Each structure stands twice: as C-alpha cells, then as structure tokens.
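Structure file start18.txt; described as compact mmCIF, C-alpha atoms.
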# COMPACT_ATOMS: atom_id res chain seq x y z
CA MET A 1 -2.16 33.42 -23.40
CA SER A 2 -2.78 29.86 -22.19
CA ARG A 3 -0.65 28.57 -25.05
CA LEU A 4 2.24 30.76 -24.04
CA HIS A 5 1.84 29.54 -20.48
CA GLY A 6 1.84 25.95 -21.68
CA LEU A 7 5.00 26.41 -23.72
CA ALA A 8 6.91 28.34 -21.09
CA SER A 9 6.29 25.94 -18.29
CA PRO A 10 7.90 22.77 -19.71
CA ALA A 11 10.98 24.83 -20.54
CA ARG A 12 11.09 26.12 -16.99
CA PHE A 13 10.61 22.61 -15.66
CA LEU A 14 13.46 21.30 -17.81
CA ARG A 15 15.79 24.08 -16.67
CA LEU A 16 14.98 23.21 -13.08
CA ALA A 17 15.40 19.49 -13.79
CA ASP A 18 18.80 20.10 -15.40
CA ARG A 19 19.96 21.83 -12.26
CA VAL A 20 18.54 19.33 -9.77
CA GLN A 21 19.20 16.09 -11.62
CA PRO A 22 22.93 15.75 -10.86
CA TRP A 23 22.13 16.11 -7.15
CA THR A 24 19.36 13.53 -7.18
CA GLY A 25 21.40 11.17 -9.37
CA TRP A 26 24.46 11.23 -7.14
CA GLY A 27 22.24 11.34 -4.08
CA ALA A 28 20.52 8.14 -5.19
CA ALA A 29 23.82 6.36 -5.85
CA LEU A 30 25.38 7.42 -2.53
CA LEU A 31 22.31 6.92 -0.35
CA ILE A 32 21.39 3.53 -1.80
CA GLY A 33 25.03 2.46 -1.65
CA ALA A 34 25.31 3.54 1.98
CA GLY A 35 21.94 2.00 2.79
CA LEU A 36 22.96 -1.34 1.31
CA VAL A 37 26.30 -1.36 3.10
CA VAL A 38 24.76 -0.47 6.46
CA GLY A 39 21.68 -2.62 5.94
CA LEU A 40 23.41 -5.74 4.69
CA GLY A 41 26.71 -5.39 6.50
CA PHE A 42 26.38 -3.48 9.73
CA SER A 43 22.81 -3.57 10.97
CA PRO A 44 21.98 -6.34 13.44
CA ALA A 45 19.81 -9.40 12.83
CA ASP A 46 16.31 -9.23 14.25
CA TYR A 47 15.46 -10.99 17.51
CA GLN A 48 12.63 -12.91 15.80
CA GLN A 49 13.29 -12.92 12.07
CA GLY A 50 17.06 -13.24 12.14
CA GLU A 51 18.79 -12.22 8.91
CA THR A 52 15.50 -12.20 6.97
CA VAL A 53 14.84 -8.74 8.39
CA ARG A 54 17.25 -7.27 5.80
CA ILE A 55 14.64 -7.78 3.07
CA MET A 56 12.79 -4.92 4.76
CA TYR A 57 15.45 -2.42 3.65
CA ILE A 58 14.36 -2.96 0.04
CA HIS A 59 10.73 -3.90 0.59
CA VAL A 60 9.53 -1.01 2.73
CA PRO A 61 11.14 1.86 0.72
CA ALA A 62 9.84 0.24 -2.49
CA ALA A 63 6.35 0.11 -0.98
CA TRP A 64 6.56 3.78 0.09
CA MET A 65 7.72 4.77 -3.38
CA ALA A 66 4.97 2.72 -5.03
CA LEU A 67 2.46 4.88 -3.14
CA PHE A 68 4.42 8.10 -3.67
CA CYS A 69 4.67 7.50 -7.44
CA TYR A 70 0.95 6.90 -7.64
CA ALA A 71 0.26 10.08 -5.67
CA THR A 72 2.54 11.99 -8.07
CA MET A 73 0.74 10.41 -11.02
CA ALA A 74 -2.71 11.21 -9.65
CA LEU A 75 -1.77 14.83 -8.87
CA GLY A 76 -0.32 15.20 -12.37
CA ALA A 77 -3.47 13.68 -13.84
CA ALA A 78 -5.69 16.03 -11.81
CA ALA A 79 -3.65 19.09 -12.80
CA GLY A 80 -3.75 17.96 -16.42
CA LEU A 81 -7.51 17.48 -16.35
CA ILE A 82 -8.28 20.75 -14.60
CA TRP A 83 -5.72 23.14 -16.11
CA ARG A 84 -5.21 21.26 -19.41
CA HIS A 85 -1.52 21.48 -18.79
CA PRO A 86 0.42 19.15 -21.12
CA LEU A 87 3.43 19.05 -18.77
CA ALA A 88 1.20 17.69 -16.00
CA HIS A 89 0.09 14.79 -18.22
CA VAL A 90 3.69 14.11 -19.25
CA ILE A 91 4.70 13.97 -15.57
CA ALA A 92 1.84 11.56 -14.85
CA HIS A 93 2.74 9.32 -17.78
CA SER A 94 6.41 9.39 -16.79
CA ALA A 95 5.75 8.43 -13.19
CA ALA A 96 3.61 5.39 -14.06
CA PRO A 97 6.23 2.84 -15.22
CA ILE A 98 8.57 3.86 -12.39
CA GLY A 99 5.81 3.30 -9.88
CA ALA A 100 4.91 -0.03 -11.48
CA CYS A 101 8.52 -1.16 -11.08
CA PHE A 102 8.60 -0.13 -7.41
CA THR A 103 5.33 -2.04 -6.90
CA ILE A 104 6.79 -5.17 -8.52
CA VAL A 105 9.90 -4.90 -6.32
CA CYS A 106 7.67 -4.46 -3.28
CA LEU A 107 5.55 -7.51 -4.12
CA ALA A 108 8.51 -9.71 -5.05
CA THR A 109 10.53 -8.90 -1.91
CA GLY A 110 7.39 -9.25 0.18
CA MET A 111 6.86 -12.77 -1.15
CA LEU A 112 10.48 -13.66 -0.44
CA TRP A 113 9.94 -12.46 3.13
CA GLY A 114 6.52 -14.05 3.57
CA LYS A 115 7.65 -17.59 2.83
CA PRO A 116 10.19 -17.88 5.69
CA ILE A 117 8.29 -15.71 8.19
CA TRP A 118 4.61 -16.47 7.67
CA GLY A 119 5.04 -19.81 5.96
CA ARG A 120 3.32 -18.72 2.74
CA TRP A 121 4.49 -16.83 -0.37
CA TRP A 122 1.16 -15.11 -0.76
CA VAL A 123 -2.05 -14.63 1.18
CA TRP A 124 -5.15 -12.72 0.14
CA ASP A 125 -5.26 -10.32 3.04
CA ALA A 126 -6.31 -6.69 2.62
CA ARG A 127 -2.79 -5.23 2.43
CA LEU A 128 -1.40 -7.66 -0.13
CA THR A 129 -4.53 -7.60 -2.26
CA SER A 130 -4.75 -3.81 -2.33
CA VAL A 131 -1.09 -3.55 -3.39
CA LEU A 132 -1.71 -6.08 -6.16
CA ILE A 133 -4.63 -3.89 -7.29
CA LEU A 134 -2.19 -0.96 -7.29
CA LEU A 135 0.02 -2.86 -9.74
CA PHE A 136 -2.96 -3.55 -12.01
CA LEU A 137 -3.95 0.13 -11.84
CA TYR A 138 -0.43 1.11 -12.96
CA LEU A 139 -0.52 -1.41 -15.82
CA GLY A 140 -4.03 -0.37 -16.86
CA TYR A 141 -3.03 3.28 -16.76
CA ILE A 142 0.03 2.67 -18.93
CA ALA A 143 -2.01 0.65 -21.43
CA LEU A 144 -4.80 3.23 -21.56
CA ALA A 145 -2.44 6.20 -21.91
CA ASN A 146 -0.87 4.60 -24.99
CA ALA A 147 -4.08 3.22 -26.50
CA PHE A 148 -5.15 6.38 -28.33
CA ASP A 149 -3.77 7.92 -31.50
CA ASN A 150 -5.11 11.22 -30.27
CA THR A 151 -2.77 12.43 -27.49
CA ALA A 152 -5.34 14.64 -25.79
CA ARG A 153 -7.82 11.80 -25.62
CA GLY A 154 -5.28 9.37 -24.15
CA ASP A 155 -4.31 12.03 -21.62
CA ARG A 156 -7.86 12.59 -20.50
CA SER A 157 -8.94 8.93 -20.31
CA SER A 158 -5.85 7.81 -18.45
CA ALA A 159 -6.09 10.79 -16.08
CA ILE A 160 -9.60 9.74 -15.09
CA LEU A 161 -8.38 6.19 -14.44
CA ALA A 162 -5.51 7.54 -12.34
CA LEU A 163 -7.92 9.61 -10.23
CA VAL A 164 -10.39 6.77 -9.76
CA GLY A 165 -7.53 4.50 -8.70
CA ALA A 166 -6.30 7.06 -6.17
CA VAL A 167 -9.08 5.81 -3.90
CA ASN A 168 -6.88 2.75 -3.41
CA LEU A 169 -4.06 4.76 -1.77
CA PRO A 170 -5.69 5.30 1.64
CA VAL A 171 -7.00 1.73 1.47
CA ILE A 172 -3.44 0.42 1.12
CA LYS A 173 -2.08 2.67 3.85
CA PHE A 174 -4.80 1.97 6.41
CA SER A 175 -5.70 -1.61 5.42
CA VAL A 176 -3.60 -2.94 8.29
CA ASP A 177 -5.46 -0.71 10.78
CA TRP A 178 -9.01 -1.09 9.45
CA TRP A 179 -9.08 -4.87 9.06
CA ASN A 180 -7.40 -7.92 10.53
CA THR A 181 -4.57 -8.68 8.14
CA LEU A 182 -1.67 -11.08 8.19
CA HIS A 183 0.57 -8.18 7.23
CA GLN A 184 1.87 -6.31 10.27
CA PRO A 185 0.81 -2.69 10.93
CA ALA A 186 3.11 0.28 10.28
CA SER A 187 6.31 0.40 12.35
CA VAL A 188 7.75 3.77 11.38
CA THR A 189 4.76 6.06 10.84
CA ARG A 190 2.75 5.01 13.84
CA ILE A 191 1.65 7.34 16.62
CA GLY A 192 4.38 7.51 19.25
CA ALA A 193 7.87 6.22 18.72
CA PRO A 194 8.65 3.89 15.80
CA ALA A 195 8.54 0.22 16.82
CA ILE A 196 11.85 -0.33 15.14
CA HIS A 197 15.27 -0.07 16.72
CA ASP A 198 17.52 2.83 15.64
CA SER A 199 20.15 0.46 14.27
CA MET A 200 17.55 -0.82 11.80
CA LEU A 201 15.76 2.46 11.25
CA ALA A 202 18.98 4.12 10.00
CA PRO A 203 19.53 1.88 6.93
CA LEU A 204 15.79 1.91 6.25
CA LEU A 205 15.70 5.71 6.08
CA LEU A 206 18.92 5.82 4.01
CA MET A 207 17.36 3.47 1.48
CA ALA A 208 14.09 5.42 1.50
CA ALA A 209 15.90 8.69 0.78
CA GLY A 210 17.92 6.92 -1.93
CA PHE A 211 14.81 5.51 -3.56
CA LEU A 212 13.21 8.97 -3.53
CA CYS A 213 16.28 10.43 -5.27
CA LEU A 214 16.21 7.55 -7.75
CA PHE A 215 12.56 8.23 -8.51
CA LEU A 216 13.19 11.94 -9.11
CA THR A 217 16.17 11.20 -11.35
CA LEU A 218 14.23 8.70 -13.45
CA LEU A 219 11.26 11.04 -13.54
CA PHE A 220 13.37 13.91 -14.91
CA VAL A 221 14.85 11.66 -17.59
CA ARG A 222 11.44 10.36 -18.60
CA VAL A 223 9.75 13.78 -18.58
CA ARG A 224 12.50 15.16 -20.82
CA ALA A 225 12.05 12.24 -23.22
CA GLY A 226 8.26 12.50 -23.01
CA LEU A 227 8.29 16.21 -23.90
CA LEU A 228 10.62 15.55 -26.85
CA ALA A 229 8.41 12.69 -28.03
CA ARG A 230 5.39 14.97 -27.94
CA ARG A 231 7.19 17.66 -29.90
CA LEU A 232 8.27 15.08 -32.48
CA ARG A 233 4.74 13.83 -32.76
CA ALA A 234 3.40 17.34 -33.25
CA LEU A 235 6.00 18.06 -35.95
CA ARG A 236 5.18 14.83 -37.79
CA HIS A 237 1.52 15.58 -37.50
CA ALA A 238 2.05 19.08 -38.85
CA ARG A 239 4.13 17.75 -41.72
CA ALA A 240 1.63 15.03 -42.57
CA HIS A 241 -1.16 17.58 -42.74
CA ALA A 242 0.82 20.31 -44.47
CA PRO A 243 -0.11 20.92 -48.09
CA ALA A 244 2.09 18.76 -50.32
CA VAL A 245 4.90 20.69 -51.96
CA GLY A 246 5.96 19.24 -55.33
CA GLY A 247 6.05 15.53 -54.44
CA MET A 248 8.04 16.04 -51.20
CA ASP A 249 5.28 14.31 -49.27
CA THR A 250 6.80 10.84 -49.37
CA GLY A 251 8.71 11.30 -46.14
CA THR A 252 5.56 11.25 -44.03
CA GLY A 253 5.38 7.48 -44.34
CA LEU A 254 7.85 7.44 -41.43
CA SER A 255 5.22 7.43 -38.77
CA MET B 1 -11.16 30.87 -16.17
CA ARG B 2 -14.71 29.78 -15.49
CA ALA B 3 -14.14 26.51 -17.36
CA LYS B 4 -11.12 25.75 -15.21
CA ARG B 5 -13.02 26.40 -12.03
CA ARG B 6 -15.84 24.20 -13.27
CA ARG B 7 -13.42 21.38 -14.04
CA LEU B 8 -11.78 21.81 -10.63
CA ALA B 9 -15.17 21.59 -8.92
CA PHE B 10 -16.02 18.57 -11.06
CA VAL B 11 -12.84 16.72 -10.11
CA VAL B 12 -13.18 17.58 -6.41
CA CYS B 13 -16.85 16.50 -6.31
CA GLY B 14 -16.02 13.37 -8.26
CA MET B 15 -13.26 12.39 -5.85
CA VAL B 16 -15.45 13.06 -2.79
CA THR B 17 -18.30 10.98 -4.25
CA LEU B 18 -15.92 8.21 -5.24
CA GLY B 19 -14.32 8.17 -1.80
CA ALA B 20 -17.71 8.01 -0.11
CA ALA B 21 -18.85 5.20 -2.42
CA ALA B 22 -15.65 3.26 -1.86
CA SER B 23 -15.86 3.58 1.93
CA LEU B 24 -19.49 2.41 1.90
CA VAL B 25 -18.58 -0.62 -0.20
CA LEU B 26 -15.60 -1.47 2.00
CA ALA B 27 -17.68 -1.06 5.16
CA ALA B 28 -20.37 -3.34 3.71
CA PHE B 29 -17.87 -6.05 2.83
CA GLU B 30 -15.91 -5.81 6.06
CA ASP B 31 -16.71 -9.39 7.03
CA SER B 32 -15.15 -10.81 3.89
CA ILE B 33 -12.18 -8.43 3.86
CA VAL B 34 -10.88 -9.36 7.31
CA TYR B 35 -8.27 -12.06 6.98
CA PHE B 36 -9.06 -13.71 10.29
CA TYR B 37 -11.42 -13.50 13.23
CA SER B 38 -10.30 -12.99 16.80
CA PRO B 39 -11.37 -15.44 19.53
CA SER B 40 -13.79 -12.73 20.72
CA ASP B 41 -15.38 -12.52 17.24
CA VAL B 42 -15.83 -16.30 17.33
CA ALA B 43 -17.32 -16.16 20.83
CA GLU B 44 -19.78 -13.50 19.69
CA HIS B 45 -20.98 -15.17 16.49
CA THR B 46 -19.91 -18.79 16.55
CA PRO B 47 -19.72 -20.09 12.98
CA PRO B 48 -21.39 -23.47 12.23
CA PRO B 49 -19.09 -26.50 12.70
CA ASP B 50 -18.57 -27.12 8.97
CA ARG B 51 -17.66 -23.57 8.01
CA ARG B 52 -14.02 -22.90 7.22
CA PHE B 53 -12.55 -19.68 8.51
CA ARG B 54 -9.38 -18.31 10.04
CA ILE B 55 -8.70 -17.30 13.60
CA GLY B 56 -5.85 -15.13 14.75
CA GLY B 57 -4.35 -14.10 18.05
CA ILE B 58 -1.45 -14.69 20.38
CA VAL B 59 -0.31 -18.19 21.31
CA VAL B 60 -0.80 -18.44 25.08
CA LYS B 61 2.41 -19.04 27.06
CA ASP B 62 2.93 -22.66 28.13
CA SER B 63 -0.17 -23.81 26.25
CA VAL B 64 1.61 -25.73 23.49
CA ILE B 65 1.28 -29.51 23.90
CA ARG B 66 2.98 -31.68 21.33
CA GLY B 67 1.49 -35.07 20.57
CA ALA B 68 3.35 -38.37 20.57
CA ASP B 69 3.93 -38.34 16.80
CA ALA B 70 5.56 -34.87 16.94
CA THR B 71 3.35 -33.47 14.15
CA THR B 72 0.18 -33.17 16.22
CA VAL B 73 0.14 -30.08 18.36
CA ARG B 74 -2.42 -28.36 20.55
CA PHE B 75 -2.27 -24.80 21.75
CA ARG B 76 -4.51 -21.96 22.86
CA VAL B 77 -4.94 -18.70 20.98
CA THR B 78 -6.04 -15.58 22.80
CA ASP B 79 -6.87 -11.94 22.17
CA THR B 80 -6.62 -11.36 25.97
CA LEU B 81 -10.44 -11.37 26.31
CA ASN B 82 -11.29 -14.78 24.92
CA THR B 83 -9.30 -17.91 24.23
CA ILE B 84 -9.76 -20.73 21.75
CA GLU B 85 -8.15 -24.13 21.75
CA VAL B 86 -6.54 -25.17 18.48
CA ALA B 87 -5.55 -28.64 17.31
CA TYR B 88 -3.24 -28.92 14.34
CA THR B 89 -1.42 -31.70 12.53
CA GLY B 90 1.43 -30.62 10.30
CA VAL B 91 4.58 -28.58 10.16
CA LEU B 92 4.54 -25.34 12.10
CA PRO B 93 6.27 -22.26 10.63
CA ASP B 94 9.67 -21.38 12.06
CA LEU B 95 8.33 -18.29 13.76
CA PHE B 96 5.59 -20.14 15.60
CA ARG B 97 6.30 -19.21 19.22
CA GLU B 98 4.47 -18.88 22.47
CA GLY B 99 3.60 -15.27 23.09
CA GLN B 100 3.71 -14.49 19.36
CA GLY B 101 0.95 -13.93 16.82
CA VAL B 102 -0.50 -16.76 14.79
CA VAL B 103 -3.23 -17.23 12.18
CA ALA B 104 -4.85 -20.65 11.79
CA GLU B 105 -7.25 -21.83 9.09
CA GLY B 106 -9.74 -24.63 9.67
CA GLN B 107 -13.11 -25.24 11.32
CA LEU B 108 -14.68 -25.73 14.71
CA ASP B 109 -15.47 -29.27 15.82
CA SER B 110 -18.51 -30.17 17.89
CA ALA B 111 -16.57 -29.66 21.13
CA GLY B 112 -15.86 -26.04 20.21
CA ARG B 113 -12.22 -26.75 19.51
CA PHE B 114 -10.66 -25.29 16.37
CA ARG B 115 -9.27 -27.97 14.02
CA ALA B 116 -6.64 -26.20 11.94
CA ASP B 117 -5.19 -27.56 8.72
CA GLU B 118 -2.92 -24.60 8.19
CA VAL B 119 -1.03 -22.42 10.66
CA LEU B 120 0.77 -19.20 9.68
CA ALA B 121 3.00 -17.12 11.93
CA LYS B 122 1.93 -13.51 12.21
CA HIS B 123 4.82 -11.17 12.70
CA ASP B 124 4.20 -7.98 14.65
CA GLU B 125 5.57 -4.55 13.84
CA THR B 126 8.46 -4.67 16.33
CA TYR B 127 11.97 -4.88 14.94
CA MET B 128 14.98 -4.95 17.23
CA PRO B 129 18.32 -6.71 17.69
CA ARG B 130 18.40 -9.73 19.97
CA GLU B 131 20.57 -7.98 22.58
CA VAL B 132 18.02 -5.18 22.92
CA ALA B 133 15.19 -7.68 23.29
CA ASP B 134 17.15 -9.56 25.97
CA ALA B 135 18.00 -6.33 27.79
CA LEU B 136 14.36 -5.25 27.74
CA LYS B 137 13.25 -8.60 29.11
CA GLU B 138 15.87 -8.47 31.84
CA SER B 139 14.93 -4.98 32.95
CA GLY B 140 11.25 -5.94 32.97
CA ARG B 141 10.28 -3.35 30.37
CA TRP B 142 9.23 -6.00 27.83
CA ARG B 143 5.66 -5.46 26.68
CA GLY B 144 5.18 -8.20 24.08
CA ALA B 145 4.53 -11.32 26.17
CA PRO B 146 2.78 -13.25 27.73
CA GLY B 147 -0.41 -13.36 25.78
CA GLY B 148 -0.13 -9.59 25.68
CA GLY B 149 -1.93 -7.51 23.09
CA GLU B 150 -0.53 -6.93 19.67

Can you give me the file's structure in the form of structure tokens?
Amino acid sequence: MSRLHGLASPARFLRLADRVQPWTGWGAALLIGAGLVVGLGFSPADYQQGETVRIMYIHVPAAWMALFCYATMALGAAAGLIWRHPLAHVIAHSAAPIGACFTIVCLATGMLWGKPIWGRWWVWDARLTSVLILLFLYLGYIALANAFDNTARGDRSSAILALVGAVNLPVIKFSVDWWNTLHQPASVTRIGAPAIHDSMLAPLLLMAAGFLCLFLTLLFVRVRAGLLARRLRALRHARAHAPAVGGMDTGTGLS
Amino acid sequence: MRAKRRRLAFVVCGMVTLGAAASLVLAAFEDSIVYFYSPSDVAEHTPPPDRRFRIGGIVVKDSVIRGADATTVRFRVTDTLNTIEVAYTGVLPDLFREGQGVVAEGQLDSAGRFRADEVLAKHDETYMPREVADALKESGRWRGAPGGGE
C-alpha cells in the first residue's frame, strides 16, 4: 500500500510539473526582464543612496528566496522523515543548491552595497552573520546528503540537519528587530505601510515574483532529474545484486 | 500508521525543544550579539575607559565640528534620550549626515567622550526618490530628522 502510494505520487508530481513549468519558466523570464528594465532604467535614484539603491532589486529578492528555499527544503525534509516519502527527500535535495546560489547572490550583492553605503564590505552583525550561517547550512546539507552510499541513510541524516538548521530562519528574519544591527530593519514586511516608495516597490516586487518563478522552474527540472537518478541507481543496484546469468555480469562495473 | 504518528510527534517535539534551546542561548548571549550600544546603554552601564565597543545612534543636527586639519571631526550621537560626544580622525563614509544613523567603534576617554577610530554610516529602512523626500520636507510631514528616532 505505502509502496504504491510512494510510486504514484512522484508520477503525479511530474505530471503537475510538466503542466506548470512552461508558465513558471516564461513567467520568470518576463518578470525578471521587466523588473530589470524598470529597476535599472525607470525607477528613481534614492534620496540618500543615489543609484546604489538599484542593488536592492537583486539583493532583497535573493535574500527572500534564500529563506524560502530553506523553508521548502526543511518542509521536504520533515515530510520525508515523518512519512518516509522519497519524493519529499528529492524535493529537499533539489532545493538545496538553488537556495545556496540565492544565498551567495544575496551575500555578494550585499557586500557590493555595504562598501559604498556603510563604508565596509562586511561587518559581523547579527543579520549578516546569520545569513552566512545559512550558506554554511546549505553547503553542509548538500555535502551530507551526498556523503552516503546508502540513499535512505543520506536522506535521513541530511533531513535532520535541515530541520536543526531551520532554527536559523526566524533568527535571520527577526535579527534586525531583536538586536542592534548595522543592517536596516525590514522595509516591505513591516507593520503599517512599507517604508519604500511605490516607484521602487514596483520593480522590487516584479523581481521577487520573477525569482520565485525561477526557483520553481529550477526545482521542477532538478526534481525530475533527481527522480530519474534514483531510478537509475535502483536499477543498477538491482542488476548488481541479481544472480549472474552466464557471464553477463561484467556490465555492473559501470557504477 | 502508529509509526508515522510517533515520528511526527518526535519531529514536532524535537523542533520545539530545539527552538527553546536556541532562544535561551541567544537570550544569554544578547550582549555579545548586539552590534552596537545606544547612548542610553552606555549611560546605564558605562564601560571602562580601555574597553573597545561600538556605539550607534543618530548624528545630532548642527553638532558636527570639523577640525583645522579637515580629518578631525567631532559630533554628538543621540538615541533621543541620551547623547554622547564622539571624536574621530579619519575619512567619514559618504552617507555620514546630520540627522542620519551612524555606528562608531572605539573607546571612552577619561572625560567620557567617545574616541572613535572607525565610523560607519547606518542606513535606515526608508527608500524614496529625492523629489518625494523634498516634498515631504516642504509640507512638514518629514519624520526622519532632527535627531528623530529610527
């Protein structure tokens, strides 16, 4: 029963992904394109930062996606641990490198912004440090997930790491409210109106929607590849452990 | 079915425990996690004169006095309740402005003045075009300055 369930669900997921992927793919291209044109070409310079403000249109959506990817990964890990659902683990593994890339983009653009605005590339305040820890969690997760020959074991160990690291998510989000940091507090998701003018909020939201579509598109591609890789591994495993038939066993040296 | 429910309970309990542990640790280390102290923090527990730390706040309007050699500068930093005088020699960041946030690193001298060897501009969360800022200032609806809260 549970095996049937496990087999049926990836197929259903892939059918859904096939249908949604063209929309997210084109959505990502159009939204990011529009966001870049509006953000770099048409939005005004900031009254304090001048043109440097445009870094925000990459930095902030990348930071949001870094958190969103980790949340996806942690939920996948939890579902995989609790319901032993292979698709959930594949989703978690697939989200990790995408999230790591968003985190790197966030850190790199943040440093480019910090130098002209603060006067320093990097400071060890709570926000910057917790995001750097997020990057290390992603890298550790990726390393751990691939460190085992036994798939189930790698799934379980990496899932536990993902869940432990999820504690960092609220710390990142609220670090700017809980402690004095050099990093400014949230502009968009604060109580009351956003502290950001509409002419700058528009490209920011376009880019954020584009990054979300980009994440989904990449996730679908990676989940599809991850499921195929698992099937290939299972077939190889089955062949390697099948009783040898008249010297045909030589082909198993492939893996 | 029972195994699944047990694993679910295990994960939920684990996350709750972990979250509680993490918040206790973070609360315990609050003093070393904060990036800077406000002038009120300094007034409450004045650090010894040789201890390095950072202070942060708003640069008080009309408090910036530049020295004769153009690299020495004195200004006052406030959190609206308390104010600290800062002396600094060096290049100020471009965004160093009166009425804007600043973080300075250094130590107190015997006179209670803060001798900074590094000054960073702290940007707030407000983003707007210059024309909007000017219009707000003109109409008197500006809430950022002078020495106003962050």

Spatial neighbours of Arg113 (chain B), max dist 7 Å, all atoms listed in the file, sep filter under 4 positions, as a PyMOL selection string: chain B and resi 84-86+108-109

query: Residues of chain B within 8 Å of chain A, using all atoms listed in the file, as an NGL selection string?
result: :B and (4-5 or 7-8 or 11 or 15 or 18-19 or 22 or 30 or 33-37 or 93-95 or 103 or 120-131 or 133)

Okay, now the selection with C-alpha atoms, as a PDB file, in the coordinates of the input?
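New file again_18.pdb:
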ATOM      1  CA  LYS B   4     -11.120  25.750 -15.210  1.00  0.00           C
ATOM      2  CA  ARG B   5     -13.020  26.400 -12.030  1.00  0.00           C
ATOM      3  CA  ARG B   7     -13.420  21.380 -14.040  1.00  0.00           C
ATOM      4  CA  LEU B   8     -11.780  21.810 -10.630  1.00  0.00           C
ATOM      5  CA  VAL B  11     -12.840  16.720 -10.110  1.00  0.00           C
ATOM      6  CA  MET B  15     -13.260  12.390  -5.850  1.00  0.00           C
ATOM      7  CA  LEU B  18     -15.920   8.210  -5.240  1.00  0.00           C
ATOM      8  CA  GLY B  19     -14.320   8.170  -1.800  1.00  0.00           C
ATOM      9  CA  ALA B  22     -15.650   3.260  -1.860  1.00  0.00           C
ATOM     10  CA  GLU B  30     -15.910  -5.810   6.060  1.00  0.00           C
ATOM     11  CA  ILE B  33     -12.180  -8.430   3.860  1.00  0.00           C
ATOM     12  CA  VAL B  34     -10.880  -9.360   7.310  1.00  0.00           C
ATOM     13  CA  TYR B  35      -8.270 -12.060   6.980  1.00  0.00           C
ATOM     14  CA  PHE B  36      -9.060 -13.710  10.290  1.00  0.00           C
ATOM     15  CA  TYR B  37     -11.420 -13.500  13.230  1.00  0.00           C
ATOM     16  CA  PRO B  93       6.270 -22.260  10.630  1.00  0.00           C
ATOM     17  CA  ASP B  94       9.670 -21.380  12.060  1.00  0.00           C
ATOM     18  CA  LEU B  95       8.330 -18.290  13.760  1.00  0.00           C
ATOM     19  CA  VAL B 103      -3.230 -17.230  12.180  1.00  0.00           C
ATOM     20  CA  LEU B 120       0.770 -19.200   9.680  1.00  0.00           C
ATOM     21  CA  ALA B 121       3.000 -17.120  11.930  1.00  0.00           C
ATOM     22  CA  LYS B 122       1.930 -13.510  12.210  1.00  0.00           C
ATOM     23  CA  HIS B 123       4.820 -11.170  12.700  1.00  0.00           C
ATOM     24  CA  ASP B 124       4.200  -7.980  14.650  1.00  0.00           C
ATOM     25  CA  GLU B 125       5.570  -4.550  13.840  1.00  0.00           C
ATOM     26  CA  THR B 126       8.460  -4.670  16.330  1.00  0.00           C
ATOM     27  CA  TYR B 127      11.970  -4.880  14.940  1.00  0.00           C
ATOM     28  CA  MET B 128      14.980  -4.950  17.230  1.00  0.00           C
ATOM     29  CA  PRO B 129      18.320  -6.710  17.690  1.00  0.00           C
ATOM     30  CA  ARG B 130      18.400  -9.730  19.970  1.00  0.00           C
ATOM     31  CA  GLU B 131      20.570  -7.980  22.580  1.00  0.00           C
ATOM     32  CA  ALA B 133      15.190  -7.680  23.290  1.00  0.00           C
TER      33      ALA B 133
END

message: As an exercise, work out the distance from CA of Thr109 (chain A) to CA of Leu40 (chain A) in Å and give it to one decimal place.
response: 14.8 Å

Nearby residues (all atoms listed in the file) at most 12 Å from Thr78 (chain B), same-chain spacing under 5 positions excluded, as a PyMOL selection string: chain B and resi 37-43+55-61+63+83-86+98-103+145-150

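We find CA of Gly35 (chain A) and CA of Val221 (chain A) to be spaced 23.6 Å apart.
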
Residue contacts of region 203-218 of chain A (7 Å, all atoms listed in the file) excluding same-chain residues fewer than 2 positions away, as a PyMOL selection string: chain A and resi 21+24-25+27-28+31-32+35+38-39+57+61+65+200-201+220-222

Might I get the box with edges along x, y and z of the file that holds all atoms of region 75-79 of chain A listed there, padded by 8 Å on every side, given as centre and edge lengths in Å to one decimal, as lines of an AutoDock Vina configuration file?
center_x = -3.0
center_y = 16.4
center_z = -11.4
size_x = 21.4
size_y = 21.4
size_z = 21.0

Contact residues around region 148-154 of chain A with only C-alpha atoms at 12 Å, ignoring same-chain residues under 6 positions, as a ChimeraX atom specification: /A:77,80-81,84-86,89-90,92-93,141-142,160-162,226,229-231,233-234,237,255

- prompt: Within 7 Å of region 65-73 of chain B, counting all atoms listed in the file, which residues qualify if same-chain residues fewer than 3 places away don't, as a count of residues only?
  reply: 5

field: Å distance separating CA of Arg15 (chain A) from CA of Leu87 (chain A), one decimal place
entry: 13.5 Å

field: Which of A:Gly140, A:Gly41, A:Ile91, A:Leu67 sits closest to Val223 (chain A) [using all atoms listed in the file]
entry: A:Ile91
